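Here's the structure, in structure tokens; my notes come after.
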Amino acid sequence: MEIAVVADEQGVGRSAADVLEEALRHGCRRLGLATGSSPLATYAELVRRHREGLSFAEVDAYLLDEYVGLAPGHPESYARVIRRELTDAIDIDPARVHGPDGTARDPREAAAAYESLLGAVGGVDVQLLGIGTNGHIGFNEPGSSLGSRTRVKTLTLQTRLDNARFFASLGKVPVHVITQGLATISSAGHLLLVASGAHKAAAVAAALEGPVTASCPASVLQLHPHVTVVLDEAAARLL
Ligand code: GLP
């Protein structure tokens, strides 16, 4: 595992974009994308580099997770968030941006279909990840099996409180989600975790230096042969 500590969030974005640009230039065609605040500086940097010539025209992108039950086109659905934050601003084919269907009548079927899709392509080349304050990755809350595959999960109150800032009130934050499982995420060739801010420091320390345990889902990274972690100084301060 390679851990890079840089001064601030913008530095995290630049370093993570360096890793992704390098992967794209070496033939990465399946890119795993994350949502939430953590990757925003990375996406801003990728958009800037796209304007300078970095192309995503040959890339298929795969989202980690999605809320269940938001109306199609809801601005906070991850399908819309990723368009707004990244894919509408680069030259990726919108039909090649994939994610779990949170609007499906049967979310379990939608989860299984997404797992099959990921299995059929053999996993992504590089998976970008944020980390929740409780150590979750994707929406794999504490207690998620390290061997889990894509499935429907119930969010903890902590995660709903963390994400309430994106919704009008806590009551509007969905309770259920579809998320790639920890084993699904681990099938990526390269995992790239980004975190910034002091509020992530405890989760980062537990994930990288604590025991490998379902109580801290991100600790599964310790089992993966190719992991890059990019942190700002605040997120790294308990390492
Ligand atoms: C969210 C997402 C994760 C994200 C994490 C951290 O709920 N499902 O993919 O990495 O929680 O969120 P943020 O980056 O906004 O702190």
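Ligands are numbered from 1 in the order shown, chains are lettered A, B, ... in the order of the structure tokens, and residues start at 1 in each chain.
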Could you list, as a ChimeraX atom specification, all the residues within 9 Å of ligand 1, counting only C-alpha atoms and all ligand atoms?
-> /A:33-40,63-67,78,128-133,135-140,155,159-160,162-163,177,179,193-196,199-200
Could those selected residues go to a file with C-alpha atoms, as a CSV table (one decimal), in the first residue's frame?
chain,number,residue,atom,x,y,z
A,33,LEU,CA,-16.1,6.3,-9.8
A,34,ALA,CA,-17.2,7.4,-6.4
A,35,THR,CA,-19.6,10.1,-5.3
A,36,GLY,CA,-19.8,12.2,-2.1
A,37,SER,CA,-17.5,15.2,-1.4
A,38,SER,CA,-14.2,13.3,-1.2
A,39,PRO,CA,-13.5,13.0,-5.0
A,40,LEU,CA,-14.7,16.5,-5.9
A,63,LEU,CA,-20.4,3.9,-10.0
A,64,LEU,CA,-20.0,2.3,-6.6
A,65,ASP,CA,-23.4,2.8,-5.2
A,66,GLU,CA,-26.8,4.5,-5.5
A,67,TYR,CA,-29.7,5.5,-3.3
A,78,TYR,CA,-25.7,9.4,-7.7
A,128,LEU,CA,-11.6,5.7,-6.8
A,129,LEU,CA,-12.9,5.6,-3.2
A,130,GLY,CA,-13.9,8.0,-0.5
A,131,ILE,CA,-14.3,6.9,3.1
A,132,GLY,CA,-17.2,7.6,5.5
A,133,THR,CA,-16.6,8.8,9.0
A,135,GLY,CA,-15.1,3.6,7.9
A,136,HIS,CA,-17.6,2.7,5.2
A,137,ILE,CA,-16.6,2.5,1.5
A,138,GLY,CA,-19.3,2.7,-1.1
A,139,PHE,CA,-22.2,2.2,1.2
A,140,ASN,CA,-20.8,-0.8,3.0
A,155,LEU,CA,-27.9,3.1,6.0
A,159,THR,CA,-24.3,8.1,7.4
A,160,ARG,CA,-27.8,9.5,6.9
A,162,ASP,CA,-23.5,12.8,7.3
A,163,ASN,CA,-25.4,13.0,4.0
A,177,VAL,CA,-29.1,2.0,-1.0
A,179,THR,CA,-23.8,-0.7,-3.1
A,193,LEU,CA,-8.7,6.1,-1.7
A,194,VAL,CA,-8.8,9.8,-1.2
A,195,ALA,CA,-9.6,11.6,2.1
A,196,SER,CA,-9.3,15.1,3.3
A,199,HIS,CA,-13.2,14.6,10.5
A,200,LYS,CA,-11.8,11.6,8.4
Would you give me, as a list of chain:residue names, the residues in segment 61-167 of chain A that DSSP reads as strand (DSSP E or B)?
-> A:Ala61, A:Tyr62, A:Leu63, A:Asp65, A:Glu66, A:Tyr67, A:Val97, A:His98, A:Val126, A:Gln127, A:Leu128, A:Leu129, A:Ile137, A:Asn140, A:Arg151, A:Val152, A:Lys153, A:Thr154
Resulting file, chosen residues, C-alpha atoms, as an mmCIF file, in the first residue's frame:
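New file again-v7.cif:
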data_model
loop_
_atom_site.group_PDB
_atom_site.id
_atom_site.type_symbol
_atom_site.label_atom_id
_atom_site.label_comp_id
_atom_site.auth_asym_id
_atom_site.auth_seq_id
_atom_site.Cartn_x
_atom_site.Cartn_y
_atom_site.Cartn_z
ATOM 1 C CA ALA A 61 -17.250 4.223 -15.927
ATOM 2 C CA TYR A 62 -18.901 2.289 -13.099
ATOM 3 C CA LEU A 63 -20.446 3.853 -10.004
ATOM 4 C CA ASP A 65 -23.445 2.818 -5.221
ATOM 5 C CA GLU A 66 -26.830 4.486 -5.508
ATOM 6 C CA TYR A 67 -29.722 5.530 -3.292
ATOM 7 C CA VAL A 97 -21.550 5.534 -17.431
ATOM 8 C CA HIS A 98 -23.004 2.613 -15.473
ATOM 9 C CA VAL A 126 -8.944 1.513 -11.092
ATOM 10 C CA GLN A 127 -11.533 2.219 -8.404
ATOM 11 C CA LEU A 128 -11.647 5.665 -6.809
ATOM 12 C CA LEU A 129 -12.935 5.589 -3.222
ATOM 13 C CA ILE A 137 -16.569 2.506 1.535
ATOM 14 C CA ASN A 140 -20.788 -0.810 3.018
ATOM 15 C CA ARG A 151 -26.628 -5.798 -2.642
ATOM 16 C CA VAL A 152 -29.253 -3.646 -0.934
ATOM 17 C CA LYS A 153 -28.115 -2.141 2.364
ATOM 18 C CA THR A 154 -29.759 -0.056 5.073
#
Please provide the set of residues having any atom within 12 Å of segment 2-12 of chain A, restricted to only C-alpha atoms, with same-chain residues fewer than 5 positions apart removed, written as a PyMOL selection string.
-> chain A and resi 17-19+37-46+130+190-198+204-205+208-209+221-222+224-237+239
Could you write out that same residue set with C-alpha atoms as a PDB file, in the first residue's frame?
ATOM      1  CA  ALA A  17      -5.687  12.868 -10.849  1.00  0.00           C
ATOM      2  CA  ASP A  18      -2.012  12.027 -11.502  1.00  0.00           C
ATOM      3  CA  VAL A  19      -2.722   8.391 -10.600  1.00  0.00           C
ATOM      4  CA  SER A  37     -17.511  15.203  -1.368  1.00  0.00           C
ATOM      5  CA  SER A  38     -14.200  13.336  -1.209  1.00  0.00           C
ATOM      6  CA  PRO A  39     -13.541  12.984  -4.967  1.00  0.00           C
ATOM      7  CA  LEU A  40     -14.715  16.489  -5.942  1.00  0.00           C
ATOM      8  CA  ALA A  41     -11.223  18.018  -6.076  1.00  0.00           C
ATOM      9  CA  THR A  42     -10.081  15.019  -8.146  1.00  0.00           C
ATOM     10  CA  TYR A  43     -12.960  15.481 -10.576  1.00  0.00           C
ATOM     11  CA  ALA A  44     -12.310  19.219 -10.878  1.00  0.00           C
ATOM     12  CA  GLU A  45      -8.688  18.406 -11.723  1.00  0.00           C
ATOM     13  CA  LEU A  46      -9.700  15.735 -14.273  1.00  0.00           C
ATOM     14  CA  GLY A 130     -13.871   8.008  -0.466  1.00  0.00           C
ATOM     15  CA  HIS A 190      -6.060  -0.858  -8.320  1.00  0.00           C
ATOM     16  CA  LEU A 191      -7.816   0.905  -5.429  1.00  0.00           C
ATOM     17  CA  LEU A 192      -7.343   4.659  -4.998  1.00  0.00           C
ATOM     18  CA  LEU A 193      -8.662   6.052  -1.709  1.00  0.00           C
ATOM     19  CA  VAL A 194      -8.819   9.804  -1.159  1.00  0.00           C
ATOM     20  CA  ALA A 195      -9.638  11.615   2.087  1.00  0.00           C
ATOM     21  CA  SER A 196      -9.312  15.136   3.347  1.00  0.00           C
ATOM     22  CA  GLY A 197     -10.202  16.887   6.588  1.00  0.00           C
ATOM     23  CA  ALA A 198      -9.763  16.166  10.288  1.00  0.00           C
ATOM     24  CA  VAL A 204      -8.445   6.653   7.988  1.00  0.00           C
ATOM     25  CA  ALA A 205      -6.271   5.484  10.895  1.00  0.00           C
ATOM     26  CA  LEU A 208      -5.035   1.667   7.357  1.00  0.00           C
ATOM     27  CA  GLU A 209      -3.475   0.763  10.693  1.00  0.00           C
ATOM     28  CA  LEU A 221      -7.942  -2.348   1.629  1.00  0.00           C
ATOM     29  CA  GLN A 222      -5.161  -3.934   3.693  1.00  0.00           C
ATOM     30  CA  HIS A 224      -5.538  -5.779  -1.620  1.00  0.00           C
ATOM     31  CA  PRO A 225      -2.246  -6.026  -3.523  1.00  0.00           C
ATOM     32  CA  HIS A 226      -2.430  -2.605  -5.216  1.00  0.00           C
ATOM     33  CA  VAL A 227      -3.696   0.317  -3.142  1.00  0.00           C
ATOM     34  CA  THR A 228      -2.855   4.013  -3.305  1.00  0.00           C
ATOM     35  CA  VAL A 229      -4.105   6.309  -0.533  1.00  0.00           C
ATOM     36  CA  VAL A 230      -3.930  10.077  -0.949  1.00  0.00           C
ATOM     37  CA  LEU A 231      -4.581  12.137   2.185  1.00  0.00           C
ATOM     38  CA  ASP A 232      -4.277  15.719   3.219  1.00  0.00           C
ATOM     39  CA  GLU A 233      -2.405  16.481   6.421  1.00  0.00           C
ATOM     40  CA  ALA A 234      -5.582  16.779   8.475  1.00  0.00           C
ATOM     41  CA  ALA A 235      -6.897  13.360   7.397  1.00  0.00           C
ATOM     42  CA  ALA A 236      -3.473  11.796   8.044  1.00  0.00           C
ATOM     43  CA  ARG A 237      -2.920  13.273  11.479  1.00  0.00           C
ATOM     44  CA  LEU A 239      -1.408   7.846  11.376  1.00  0.00           C
TER      45      LEU A 239
END
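Between Arg165 of chain A and the candidates A:Glu76, A:Val121, A:Ala206, A:Asp101, the tightest atom-to-atom separation, counting only C-alpha atoms, involves A:Glu76.
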Spatial neighbours of Leu223 of chain A, 12 Å, only C-alpha atoms, chain gap at least 6 places, as number ranges by chain = A: 1, 146-147, 182-183, 185-187, 191, 207-208, 211-213, 217
Work out how far apart atom CA of Ser116 of chain A and atom CA of Gly181 of chain A are and give it in Å to one decimal.
-> 12.5 Å
Near-Asn134 of chain A list (9 Å; only C-alpha atoms; drop same-chain fewer than 5 positions) as an MDAnalysis selection string | chainID A and resid 141:142 158:159 200 202:203 215:217
For Arg105 of chain A, list every protein, DNA or RNA residue within 10 Å, evaluated using only C-alpha atoms, and leave out those in the same chain fewer than 5 positions away; present the list as a list in words.
-> Val68, Gly69 and Ala110 of chain A
With C-alpha atoms retained, write the just-selected residues as a PDB file, in the first residue's frame.
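What follows is the written file result18.pdb:
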ATOM      1  CA  VAL A  68     -32.893   3.451  -3.517  1.00  0.00           C
ATOM      2  CA  GLY A  69     -36.200   5.154  -4.092  1.00  0.00           C
ATOM      3  CA  ALA A 110     -31.189  -4.357  -9.758  1.00  0.00           C
TER       4      ALA A 110
END
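Distance check against Arg49 of chain A using only C-alpha atoms: of A:Gly13, A:Pro75, A:Gly27, A:Gly171, the minimum falls on A:Gly13.
Nearest residue to Cys28 of chain A, choosing from A:Asp88, A:Glu109, A:Glu52, A:Asp60 and counting only C-alpha atoms: A:Asp60.
Distances here use only C-alpha atoms; by that measure, the residue among A:Ile178, A:Lys172, A:Ala71, A:Pro100 closest to Leu117 of chain A is A:Pro100.
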As a check of understanding: the span from atom CA of Gln180 of chain A to atom CA of Arg149 of chain A is 5.9 Å
From the DSSP assignment of the backbone, select every residue of segment 46-173 of chain A that is alpha helix (DSSP H), and format the answer as a ChimeraX atom specification.
-> /A:46-51,78-85,107-121,157-163
